[in-house]
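Coordinates from entry_35.pdb are shown below (PDB, C-alpha atoms).
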MODEL        1
ATOM      1  CA  MET A 219      26.024  11.747  32.656
ATOM      2  CA  ILE A 220      22.354  10.955  32.070
ATOM      3  CA  ASP A 221      20.492  10.624  35.339
ATOM      4  CA  LEU A 222      17.408   8.548  36.055
ATOM      5  CA  LEU A 223      15.055  11.492  35.487
ATOM      6  CA  ASP A 224      16.476  12.034  32.009
ATOM      7  CA  LEU A 225      15.967   8.363  31.165
ATOM      8  CA  VAL A 226      12.296   8.738  32.080
ATOM      9  CA  THR A 227      11.655  12.087  30.429
ATOM     10  CA  MET A 228      13.580  11.556  27.174
ATOM     11  CA  PRO A 229      11.112   9.060  25.640
ATOM     12  CA  TRP A 230       8.210  11.215  26.799
ATOM     13  CA  ASN A 231       9.730  14.338  25.261
ATOM     14  CA  TRP A 232      10.453  12.379  22.079
ATOM     15  CA  LEU A 233       6.757  11.545  21.791
ATOM     16  CA  VAL A 234       5.328  14.880  22.900
ATOM     17  CA  GLU A 235       7.614  17.379  21.175
ATOM     18  CA  PRO A 236       6.246  16.920  17.607
ATOM     19  CA  LEU A 237       2.668  17.244  18.912
ATOM     20  CA  GLN A 238       3.319  20.899  19.693
ATOM     21  CA  TYR A 239       3.068  21.656  15.973
ATOM     22  CA  GLY A 240      -0.296  21.575  14.251
ATOM     23  CA  PHE A 241       1.067  20.448  10.887
ATOM     24  CA  LEU A 242       2.769  17.450  12.545
ATOM     25  CA  ARG A 243      -0.348  16.412  14.472
ATOM     26  CA  GLN A 244      -2.194  16.625  11.172
ATOM     27  CA  ALA A 245       0.488  14.612   9.368
ATOM     28  CA  ILE A 246       0.404  11.882  12.027
ATOM     29  CA  TRP A 247      -3.350  11.254  11.884
ATOM     30  CA  VAL A 248      -3.502  11.550   8.083
ATOM     31  CA  SER A 249      -0.629   9.057   7.766
ATOM     32  CA  ALA A 250      -2.335   6.690  10.194
ATOM     33  CA  PHE A 251      -5.576   6.885   8.209
ATOM     34  CA  VAL A 252      -3.762   6.233   4.947
ATOM     35  CA  GLY A 253      -1.941   3.324   6.570
ATOM     36  CA  LEU A 254      -5.278   1.839   7.652
ATOM     37  CA  VAL A 255      -6.791   2.066   4.164
ATOM     38  CA  CYS A 256      -3.692   0.657   2.445
ATOM     39  CA  ALA A 257      -3.389  -2.177   4.969
ATOM     40  CA  VAL A 258      -6.957  -3.380   4.453
ATOM     41  CA  LEU A 259      -6.663  -3.452   0.666
ATOM     42  CA  SER A 260      -3.151  -4.894   0.905
ATOM     43  CA  CYS A 261      -4.534  -8.186   2.204
ATOM     44  CA  TYR A 262      -6.738  -8.582  -0.876
ATOM     45  CA  VAL A 263      -3.952  -7.487  -3.243
ATOM     46  CA  THR A 264      -1.579 -10.021  -1.666
ATOM     47  CA  LEU A 265      -4.064 -12.883  -1.999
ATOM     48  CA  LYS A 266      -4.873 -11.905  -5.576
ATOM     49  CA  GLY A 267      -1.229 -11.482  -6.568
ATOM     50  CA  TRP A 268      -1.786  -7.987  -7.898
ATOM     51  CA  SER A 269       1.403  -6.304  -6.720
ATOM     52  CA  LEU A 270       2.387  -5.363 -10.263
ATOM     53  CA  MET A 271      -1.128  -4.066 -10.940
ATOM     54  CA  GLY A 272      -0.766  -1.704  -7.987
ATOM     55  CA  ASP A 273       2.507  -0.471  -9.438
ATOM     56  CA  ALA A 274       0.827   0.132 -12.788
ATOM     57  CA  VAL A 275      -2.098   2.111 -11.357
ATOM     58  CA  SER A 276       0.146   4.227  -9.122
ATOM     59  CA  HIS A 277       2.255   5.352 -12.089
ATOM     60  CA  ALA A 278      -0.758   5.836 -14.351
ATOM     61  CA  VAL A 279      -2.277   8.535 -12.123
ATOM     62  CA  VAL A 280       0.500  11.055 -12.910
ATOM     63  CA  PRO A 281      -1.141  12.584 -16.011
ATOM     64  CA  GLY A 282      -4.440  12.707 -14.115
ATOM     65  CA  VAL A 283      -2.856  14.759 -11.329
ATOM     66  CA  VAL A 284      -1.337  17.196 -13.826
ATOM     67  CA  VAL A 285      -4.566  17.599 -15.798
ATOM     68  CA  SER A 286      -6.566  18.107 -12.592
ATOM     69  CA  TYR A 287      -4.336  20.937 -11.405
ATOM     70  CA  ALA A 288      -4.340  22.510 -14.880
ATOM     71  CA  LEU A 289      -8.167  22.464 -14.986
ATOM     72  CA  GLY A 290      -8.523  23.590 -11.391
ATOM     73  CA  ILE A 291     -10.447  20.494 -10.289
ATOM     74  CA  PRO A 292      -9.676  18.195  -7.309
ATOM     75  CA  PHE A 293      -6.622  16.090  -8.106
ATOM     76  CA  ALA A 294      -8.448  12.981  -6.868
ATOM     77  CA  ILE A 295     -10.837  13.141  -9.829
ATOM     78  CA  GLY A 296      -8.129  13.157 -12.468
ATOM     79  CA  ALA A 297      -5.959  10.649 -10.613
ATOM     80  CA  PHE A 298      -8.817   8.179 -10.249
ATOM     81  CA  ALA A 299      -9.946   8.637 -13.875
ATOM     82  CA  PHE A 300      -6.483   7.933 -15.300
ATOM     83  CA  GLY A 301      -5.728   5.176 -12.786
ATOM     84  CA  PHE A 302      -8.936   3.324 -13.529
ATOM     85  CA  GLY A 303      -8.531   4.053 -17.247
ATOM     86  CA  ALA A 304      -5.137   2.377 -17.197
ATOM     87  CA  THR A 305      -6.608  -0.802 -15.701
ATOM     88  CA  VAL A 306      -9.336  -0.855 -18.352
ATOM     89  CA  ALA A 307      -6.666  -0.420 -21.024
ATOM     90  CA  ILE A 308      -4.674  -3.307 -19.542
ATOM     91  CA  GLY A 309      -7.727  -5.574 -19.601
ATOM     92  CA  TYR A 310      -8.637  -4.586 -23.162
ATOM     93  CA  ILE A 311      -5.118  -5.054 -24.581
ATOM     94  CA  LYS A 312      -4.733  -8.373 -22.800
ATOM     95  CA  SER A 313      -8.028  -9.644 -24.283
ATOM     96  CA  LYS A 314      -7.169  -8.494 -27.813
ATOM     97  CA  THR A 315      -3.532  -9.565 -28.083
ATOM     98  CA  ARG A 316      -1.404 -12.612 -27.351
ATOM     99  CA  LEU A 317       0.670 -10.714 -24.783
ATOM    100  CA  LYS A 318       0.766 -11.885 -21.171
ATOM    101  CA  GLU A 319      -0.536  -9.647 -18.403
ATOM    102  CA  ASP A 320       2.871  -8.637 -17.048
ATOM    103  CA  ALA A 321       3.993  -7.407 -20.472
ATOM    104  CA  VAL A 322       0.769  -5.452 -20.987
ATOM    105  CA  ILE A 323       1.061  -3.879 -17.525
ATOM    106  CA  GLY A 324       4.648  -2.834 -18.238
ATOM    107  CA  VAL A 325       3.708  -1.181 -21.537
ATOM    108  CA  VAL A 326       0.635   0.630 -20.196
ATOM    109  CA  PHE A 327       1.984   1.989 -16.930
ATOM    110  CA  THR A 328       5.249   3.254 -18.461
ATOM    111  CA  GLY A 329       3.260   4.881 -21.265
ATOM    112  CA  PHE A 330       0.911   6.650 -18.842
ATOM    113  CA  PHE A 331       3.787   7.686 -16.586
ATOM    114  CA  ALA A 332       5.820   9.084 -19.487
ATOM    115  CA  PHE A 333       2.744  10.980 -20.719
ATOM    116  CA  GLY A 334       2.440  12.504 -17.253
ATOM    117  CA  LEU A 335       6.083  13.618 -17.312
ATOM    118  CA  VAL A 336       5.496  15.276 -20.697
ATOM    119  CA  LEU A 337       2.460  17.117 -19.308
ATOM    120  CA  VAL A 338       4.409  18.285 -16.246
ATOM    121  CA  THR A 339       7.011  19.932 -18.490
ATOM    122  CA  LYS A 340       4.511  21.487 -20.940
ATOM    123  CA  ILE A 341       1.541  22.593 -18.812
ATOM    124  CA  PRO A 342       2.273  25.681 -16.678
ATOM    125  CA  SER A 343       1.478  24.894 -13.041
ATOM    126  CA  ASN A 344       2.928  24.979  -9.551
ATOM    127  CA  ILE A 345       3.135  21.200  -9.383
ATOM    128  CA  ASP A 346       6.264  19.874  -7.679
ATOM    129  CA  LEU A 347       7.178  16.608  -9.392
ATOM    130  CA  PHE A 348       9.168  15.538  -6.318
ATOM    131  CA  HIS A 349       6.014  15.737  -4.180
ATOM    132  CA  ILE A 350       4.045  13.727  -6.733
ATOM    133  CA  LEU A 351       6.686  11.008  -6.775
ATOM    134  CA  PHE A 352       7.529  10.853  -3.078
ATOM    135  CA  GLY A 353       4.635  12.487  -1.227
ATOM    136  CA  ASN A 354       4.467  15.532   1.040
ATOM    137  CA  VAL A 355       2.235  14.762   4.008
ATOM    138  CA  LEU A 356       3.946  17.455   6.130
ATOM    139  CA  GLY A 357       2.771  20.115   3.685
ATOM    140  CA  ILE A 358      -0.632  18.679   2.819
ATOM    141  CA  SER A 359      -3.401  21.270   2.342
ATOM    142  CA  GLN A 360      -6.871  21.139   3.859
ATOM    143  CA  GLN A 361      -8.385  20.512   0.425
ATOM    144  CA  ASP A 362      -6.073  17.568  -0.139
ATOM    145  CA  ILE A 363      -6.900  16.190   3.322
ATOM    146  CA  ILE A 364     -10.613  16.298   2.502
ATOM    147  CA  GLN A 365     -10.007  14.472  -0.784
ATOM    148  CA  THR A 366      -7.849  11.890   0.983
ATOM    149  CA  VAL A 367     -10.455  11.226   3.668
ATOM    150  CA  ILE A 368     -13.302  10.976   1.141
ATOM    151  CA  ALA A 369     -11.394   8.581  -1.143
ATOM    152  CA  GLY A 370     -10.251   6.466   1.799
ATOM    153  CA  THR A 371     -13.716   6.307   3.354
ATOM    154  CA  ILE A 372     -15.273   5.210   0.064
ATOM    155  CA  THR A 373     -12.614   2.519  -0.281
ATOM    156  CA  LEU A 374     -13.222   1.155   3.224
ATOM    157  CA  ALA A 375     -17.006   1.251   2.735
ATOM    158  CA  VAL A 376     -16.859  -0.691  -0.549
ATOM    159  CA  ILE A 377     -14.514  -3.312   0.920
ATOM    160  CA  LEU A 378     -16.707  -3.659   4.023
ATOM    161  CA  LEU A 379     -19.867  -4.125   1.972
ATOM    162  CA  ARG A 380     -18.331  -6.635  -0.471
ATOM    163  CA  ARG A 381     -15.642  -8.167   1.765
ATOM    164  CA  LYS A 382     -16.829 -11.782   1.477
ATOM    165  CA  ASP A 383     -17.292 -11.645  -2.291
ATOM    166  CA  LEU A 384     -13.930  -9.937  -2.763
ATOM    167  CA  LEU A 385     -12.220 -12.492  -0.524
ATOM    168  CA  LEU A 386     -13.643 -15.408  -2.493
ATOM    169  CA  PHE A 387     -12.757 -13.715  -5.788
ATOM    170  CA  CYS A 388      -9.160 -13.160  -4.665
ATOM    171  CA  PHE A 389      -8.721 -16.600  -3.114
ATOM    172  CA  ASP A 390     -10.490 -18.765  -5.715
ATOM    173  CA  PRO A 391     -12.034 -16.927  -8.712
ATOM    174  CA  ASN A 392     -13.059 -20.193 -10.398
ATOM    175  CA  HIS A 393     -15.110 -21.248  -7.393
ATOM    176  CA  ALA A 394     -16.579 -17.751  -7.162
ATOM    177  CA  LYS A 395     -17.703 -17.978 -10.770
ATOM    178  CA  ALA A 396     -19.064 -21.498 -10.284
ATOM    179  CA  ILE A 397     -21.392 -20.411  -7.466
ATOM    180  CA  GLY A 398     -22.788 -17.571  -9.569
ATOM    181  CA  LEU A 399     -20.701 -14.627  -8.381
ATOM    182  CA  ASN A 400     -20.202 -11.939 -11.019
ATOM    183  CA  THR A 401     -16.421 -12.164 -11.241
ATOM    184  CA  GLN A 402     -16.250  -9.436 -13.875
ATOM    185  CA  LEU A 403     -17.945  -7.046 -11.463
ATOM    186  CA  MET A 404     -15.594  -8.121  -8.678
ATOM    187  CA  TYR A 405     -12.631  -7.555 -10.989
ATOM    188  CA  TYR A 406     -13.585  -3.967 -11.697
ATOM    189  CA  THR A 407     -14.669  -3.361  -8.105
ATOM    190  CA  LEU A 408     -11.226  -4.372  -6.872
ATOM    191  CA  LEU A 409      -9.576  -2.246  -9.539
ATOM    192  CA  SER A 410     -11.740   0.729  -8.540
ATOM    193  CA  VAL A 411     -10.836   0.529  -4.852
ATOM    194  CA  LEU A 412      -7.199  -0.004  -5.854
ATOM    195  CA  ALA A 413      -7.273   3.275  -7.805
ATOM    196  CA  LEU A 414      -9.055   5.034  -4.919
ATOM    197  CA  THR A 415      -6.519   3.743  -2.403
ATOM    198  CA  ILE A 416      -3.661   5.063  -4.505
ATOM    199  CA  VAL A 417      -5.405   8.437  -4.618
ATOM    200  CA  THR A 418      -5.717   8.228  -0.821
ATOM    201  CA  ALA A 419      -2.005   7.515  -0.315
ATOM    202  CA  LEU A 420      -0.702   9.899  -2.963
ATOM    203  CA  GLN A 421       0.030  12.793  -0.603
ATOM    204  CA  THR A 422       1.566  10.591   2.087
ATOM    205  CA  ALA A 423       3.891   8.257   0.205
ATOM    206  CA  GLY A 424       3.825   9.510  -3.368
ATOM    207  CA  ILE A 425       3.598   7.451  -6.514
ATOM    208  CA  ILE A 426       6.925   5.653  -6.119
ATOM    209  CA  LEU A 427       6.415   4.501  -2.521
ATOM    210  CA  VAL A 428       2.659   3.862  -2.547
ATOM    211  CA  VAL A 429       3.274   0.409  -4.014
ATOM    212  CA  ALA A 430       5.128  -0.589  -0.841
ATOM    213  CA  MET A 431       2.222   0.587   1.312
ATOM    214  CA  LEU A 432      -0.143  -1.474  -0.828
ATOM    215  CA  VAL A 433       1.927  -4.662  -0.812
ATOM    216  CA  THR A 434       4.145  -4.861   2.269
ATOM    217  CA  PRO A 435       1.519  -4.844   5.085
ATOM    218  CA  GLY A 436      -0.363  -7.727   3.506
ATOM    219  CA  ALA A 437       2.880  -9.595   2.835
ATOM    220  CA  ILE A 438       3.886  -9.227   6.499
ATOM    221  CA  ALA A 439       0.545 -10.538   7.703
ATOM    222  CA  TYR A 440       0.536 -13.371   5.156
ATOM    223  CA  LEU A 441       3.785 -14.680   6.625
ATOM    224  CA  LEU A 442       2.419 -14.585  10.172
ATOM    225  CA  THR A 443      -1.026 -16.183   9.901
ATOM    226  CA  ASP A 444      -3.285 -18.409   7.803
ATOM    227  CA  ARG A 445      -6.538 -16.791   8.932
ATOM    228  CA  PHE A 446      -7.820 -13.808   6.975
ATOM    229  CA  ASP A 447      -9.341 -11.953   9.945
ATOM    230  CA  ARG A 448      -6.012 -12.113  11.779
ATOM    231  CA  MET A 449      -4.242 -11.177   8.570
ATOM    232  CA  LEU A 450      -6.295  -7.976   8.431
ATOM    233  CA  MET A 451      -5.482  -7.075  12.039
ATOM    234  CA  ILE A 452      -1.748  -7.738  11.652
ATOM    235  CA  SER A 453      -1.632  -5.817   8.385
ATOM    236  CA  VAL A 454      -3.386  -2.798   9.909
ATOM    237  CA  ALA A 455      -1.185  -2.883  13.023
ATOM    238  CA  ALA A 456       2.051  -3.026  11.004
ATOM    239  CA  SER A 457       0.954  -0.326   8.563
ATOM    240  CA  VAL A 458      -0.448   2.181  11.083
ATOM    241  CA  THR A 459       2.537   1.702  13.408
ATOM    242  CA  SER A 460       4.947   2.315  10.526
ATOM    243  CA  CYS A 461       3.038   5.404   9.407
ATOM    244  CA  VAL A 462       2.959   6.972  12.880
ATOM    245  CA  LEU A 463       6.554   6.114  13.793
ATOM    246  CA  GLY A 464       7.730   7.052  10.308
ATOM    247  CA  THR A 465       6.237  10.529  10.722
ATOM    248  CA  TYR A 466       7.948  10.872  14.100
ATOM    249  CA  PHE A 467      11.283   9.765  12.651
ATOM    250  CA  SER A 468      10.934  12.209   9.747
ATOM    251  CA  TYR A 469      10.629  15.018  12.285
ATOM    252  CA  HIS A 470      13.382  13.974  14.683
ATOM    253  CA  PHE A 471      15.934  12.970  12.029
ATOM    254  CA  ASP A 472      14.884  15.389   9.250
ATOM    255  CA  ILE A 473      14.287  12.676   6.648
ATOM    256  CA  SER A 474      11.628  11.928   4.045
ATOM    257  CA  THR A 475       8.318  10.999   5.667
ATOM    258  CA  GLY A 476       7.238   8.574   2.953
ATOM    259  CA  GLY A 477      10.680   7.012   2.803
ATOM    260  CA  SER A 478      10.782   6.613   6.579
ATOM    261  CA  ILE A 479       7.378   4.894   6.591
ATOM    262  CA  VAL A 480       8.369   2.441   3.866
ATOM    263  CA  VAL A 481      11.729   1.662   5.475
ATOM    264  CA  LEU A 482       9.952   0.748   8.729
ATOM    265  CA  LEU A 483       7.479  -1.426   6.821
ATOM    266  CA  THR A 484      10.382  -3.163   5.114
ATOM    267  CA  LEU A 485      12.093  -3.804   8.450
ATOM    268  CA  PHE A 486       8.859  -5.324   9.793
ATOM    269  CA  PHE A 487       8.730  -7.527   6.698
ATOM    270  CA  VAL A 488      12.333  -8.695   7.164
ATOM    271  CA  ALA A 489      11.606  -9.525  10.810
ATOM    272  CA  ALA A 490       8.484 -11.485   9.812
ATOM    273  CA  MET A 491      10.378 -13.287   7.055
ATOM    274  CA  ILE A 492      13.036 -14.410   9.521
ATOM    275  CA  PHE A 493      11.084 -14.988  12.739
ATOM    276  CA  ALA A 494       7.536 -15.943  11.606
ATOM    277  CA  PRO A 495       6.535 -18.931  13.775
ATOM    278  CA  LYS A 496       5.397 -21.107  10.877
ATOM    279  CA  TYR A 497       6.706 -19.649   7.614
ATOM    280  CA  GLY A 498       9.815 -17.813   8.796
ATOM    281  CA  ILE A 499      13.317 -18.820   7.758
ATOM    282  CA  PHE A 500      14.239 -20.040  11.243
ATOM    283  CA  ALA A 501      10.982 -22.022  11.576
ATOM    284  CA  GLN A 502      11.500 -23.689   8.207
ATOM    285  CA  GLN A 503      15.089 -24.581   9.030
ATOM    286  CA  PHE A 504      13.982 -26.042  12.364
ATOM    287  CA  GLN A 505      11.247 -28.038  10.627
ATOM    288  CA  GLN A 506      13.713 -29.349   8.050
ATOM    289  CA  ARG A 507      16.064 -30.494  10.797
ATOM    290  CA  ALA A 508      13.197 -32.151  12.650
ATOM    291  CA  ASN A 509      12.078 -33.963   9.479
ATOM    292  CA  LYS A 510      15.625 -35.070   8.752
ATOM    293  CA  LYS A 511      16.049 -36.337  12.301
ATOM    294  CA  GLN A 512      12.768 -38.221  12.084
ATOM    295  CA  LEU A 513      13.799 -39.828   8.811
ATOM    296  CA  ASN A 514      17.125 -40.870  10.284
ATOM    297  CA  GLU A 515      15.374 -42.443  13.293
ATOM    298  CA  VAL A 516      13.000 -44.347  11.013
ATOM    299  CA  ALA A 517      15.914 -45.536   8.872
ATOM    300  CA  SER A 518      17.904 -46.667  11.944
ATOM    301  CA  THR A 519      15.000 -48.818  13.208
ATOM    302  CA  HIS A 520      15.022 -50.736   9.948
TER     303      HIS A 520
ENDMDL
END
Structure rendered as structure tokens:
Amino acid sequence: MIDLLDLVTMPWNWLVEPLQYGFLRQAIWVSAFVGLVCAVLSCYVTLKGWSLMGDAVSHAVVPGVVVSYALGIPFAIGAFAFGFGATVAIGYIKSKTRLKEDAVIGVVFTGFFAFGLVLVTKIPSNIDLFHILFGNVLGISQQDIIQTVIAGTITLAVILLRRKDLLLFCFDPNHAKAIGLNTQLMYYTLLSVLALTIVTALQTAGIILVVAMLVTPGAIAYLLTDRFDRMLMISVAASVTSCVLGTYFSYHFDISTGGSIVVLLTLFFVAAMIFAPKYGIFAQQFQQRANKKQLNEVASTH
């Protein structure tokens, strides 16, 4: 039987045991940092409706990663160059053809991703495609940590400096243009930090799962509040908590770290979707019943 002392010490041991290993302590703080960066940008991506754009950029960085390793340069350089290049290509094709943005995004990101797969098979390197796709924060090198921190810090600095302009651009681009804001500059600024954020999260979640880290935190917060400052705080809290707990779960249950993080984020989203006080399913059903009852009372008085 489990005695009272075991009930007290088990949670403590659960928390402390992974901290005995340097690579796990490193993975926890790197994941938390990545979660912070993704959560902040996620709020802007959610307001702008750029979920598919995030998916496109994340897949487009694959050839950049392969080329970077082949040339012996930091992977962040190649990943950012190809990620940003893909967004420029999307904008150019959209402006020159009659295709809608979603079709252009689908063509460009699959083309870049396929090109990356071709390079992986033809360029001799020690690149593990599984780690590119799904991340490997437990085995992240010091060089990759430095690149992650630099890319993430630049992203946070740009968003902090242009936060009001970016918010207005995401919320109402027509009004932003009417008051003299350079919306074209804001467009490419947001695309640049989007590419940098994907570079930041590449080692933690990988290309496949980074989209969830860019979209889900903002979606959770959007369901829970109408105020942007609170949206930022909720998004950061949900993302960092998922990243830290996801790393713990990956250790204790021997599962994928990136997958564990995204599963926790998804569970938070489902809880917000159901129980959000204003926009949750239960709240909407309660409001519908209240409205129906009020209508019935009005009808009965007449």
Q. Any chance you could work out the residue set of the PyMOL selection byres ((chain A and resi 298-310) around 9) here, as JSON, numbers by chain?
A. {"A": [271, 274, 275, 276, 277, 278, 279, 280, 281, 282, 283, 293, 294, 295, 296, 297, 311, 312, 313, 314, 315, 319, 322, 323, 325, 326, 327, 330, 406, 409, 410, 412, 413, 414, 416, 417]}
(Q) What does the structure give for the distance between atom CA of A:Gly498 and atom CA of A:Ile426, in Å to one decimal? (A) 28.0 Å
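When all atoms listed in the file are used to measure the gap to A:Gly357, the shortest distance among A:Met404, A:Ile397, A:Ala288, A:Ile246 belongs to A:Ile246.
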Q: Work out how far atom CA of A:Ile473 is from atom CA of A:Ala489, in Å to one decimal.
A: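 Computing the Euclidean distance for atom CA of A:Ala489 and atom CA of A:Ile473 yields 22.7 Å.
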As JSON, please report the centre and edge lengths, rounded to one decimal in Å, of the axis-aligned box that holds all listed atoms of stretch 491-508 of chain A with 6 Å of padding on each of the six sides.
{"center_x": 10.7, "center_y": -22.7, "center_z": 10.4, "size_x": 22.7, "size_y": 30.9, "size_z": 18.7}
Write out as an mmCIF file with C-alpha atoms, in the coordinates of the input each polymer residue whose atoms come within 8 Å of A:Tyr497, counting all atoms listed in the file; drop sequence neighbours fewer than 6 positions from it.
data_model
loop_
_atom_site.group_PDB
_atom_site.id
_atom_site.type_symbol
_atom_site.label_atom_id
_atom_site.label_comp_id
_atom_site.auth_asym_id
_atom_site.auth_seq_id
_atom_site.Cartn_x
_atom_site.Cartn_y
_atom_site.Cartn_z
ATOM 1 C CA LEU A 441 3.785 -14.680 6.625
ATOM 2 C CA LEU A 442 2.419 -14.585 10.172
ATOM 3 C CA MET A 491 10.378 -13.287 7.055
#
Q | Selection result for the PyMOL selection byres ((chain A and resi 265-269) around 8) on this file, as a list in words | A |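 Against this file, the PyMOL selection byres ((chain A and resi 265-269) around 8) returns the residues Cys261, Tyr262, Val263, Thr264, Leu270, Met271, Gly272, Asp273, Cys388, Phe389, Val429, Leu432 and Val433 of chain A.
Counting only C-alpha atoms, the residue from A:Val255, A:Cys461, A:Ile341, A:Leu384 that sits nearest to A:Val355 is A:Cys461.
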**Q.** Selected residue of minimal separation from A:Ile368 among A:Arg380, A:Val338, A:Thr415, A:Pro495, counting all atoms listed in the file
**A.**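 Distance minimum relative to A:Ile368 lands on A:Thr415.
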Q.
Just want the 12 Å neighbourhood of A:Ser468, counted on only C-alpha atoms, with same-chain residues fewer than 4 positions away dropped. Output as a PyMOL selection string.
A. chain A and resi 236+242+245-246+354-356+460-464+472-482
Q: Can you work out which one of A:Thr339, A:Met228, A:Ile358, A:Leu427 has the shortest atom-to-atom distance to A:Gly240, counting all atoms listed in the file?
A: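 Looking at the shortest contact to A:Gly240, the residue is A:Ile358.
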Q) Smallest atom-to-atom distance to A:Phe493: which of A:Leu385, A:Ala419, A:Pro292, A:Ile438, using only C-alpha atoms? A)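 Among A:Leu385, A:Ala419, A:Pro292, A:Ile438, it is A:Ile438 that comes nearest to A:Phe493.
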**Q.** Point-to-point distance from atom CA of A:Thr418 to atom CA of A:Gly370, Å rounded to tenths
**A.**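 According to the coordinates, atom CA of A:Thr418 and atom CA of A:Gly370 are separated by 5.5 Å.
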Can you complete the atoms of stretch 383-396 of chain A to N, CA and C atoms and list them as a CSV table (one decimal), in the coordinates of the input?
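Okay, this is what ended up in result00.csv:
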chain,number,residue,atom,x,y,z
A,383,ASP,N,-17.4,-11.4,-0.8
A,383,ASP,CA,-17.3,-11.6,-2.3
A,383,ASP,C,-15.9,-11.4,-2.8
A,384,LEU,N,-15.3,-10.3,-2.3
A,384,LEU,CA,-13.9,-9.9,-2.8
A,384,LEU,C,-12.9,-11.0,-2.3
A,385,LEU,N,-13.1,-11.5,-1.1
A,385,LEU,CA,-12.2,-12.5,-0.5
A,385,LEU,C,-12.3,-13.8,-1.4
A,386,LEU,N,-13.5,-14.2,-1.7
A,386,LEU,CA,-13.6,-15.4,-2.5
A,386,LEU,C,-13.1,-15.2,-3.9
A,387,PHE,N,-13.3,-14.0,-4.5
A,387,PHE,CA,-12.8,-13.7,-5.8
A,387,PHE,C,-11.2,-13.7,-5.8
A,388,CYS,N,-10.6,-13.2,-4.7
A,388,CYS,CA,-9.2,-13.2,-4.7
A,388,CYS,C,-8.6,-14.5,-4.4
A,389,PHE,N,-9.3,-15.3,-3.5
A,389,PHE,CA,-8.7,-16.6,-3.1
A,389,PHE,C,-8.9,-17.7,-4.2
A,390,ASP,N,-10.2,-17.7,-4.7
A,390,ASP,CA,-10.5,-18.8,-5.7
A,390,ASP,C,-11.5,-18.2,-6.7
A,391,PRO,N,-11.1,-17.5,-7.7
A,391,PRO,CA,-12.0,-16.9,-8.7
A,391,PRO,C,-12.9,-18.0,-9.5
A,392,ASN,N,-12.3,-19.2,-9.7
A,392,ASN,CA,-13.1,-20.2,-10.4
A,392,ASN,C,-14.2,-20.7,-9.6
A,393,HIS,N,-14.0,-20.9,-8.3
A,393,HIS,CA,-15.1,-21.2,-7.4
A,393,HIS,C,-16.1,-20.1,-7.3
A,394,ALA,N,-15.7,-18.9,-7.2
A,394,ALA,CA,-16.6,-17.8,-7.2
A,394,ALA,C,-17.5,-17.7,-8.4
A,395,LYS,N,-16.9,-18.0,-9.5
A,395,LYS,CA,-17.7,-18.0,-10.8
A,395,LYS,C,-18.7,-19.2,-10.8
A,396,ALA,N,-18.2,-20.3,-10.3
A,396,ALA,CA,-19.1,-21.5,-10.3
A,396,ALA,C,-20.3,-21.3,-9.4
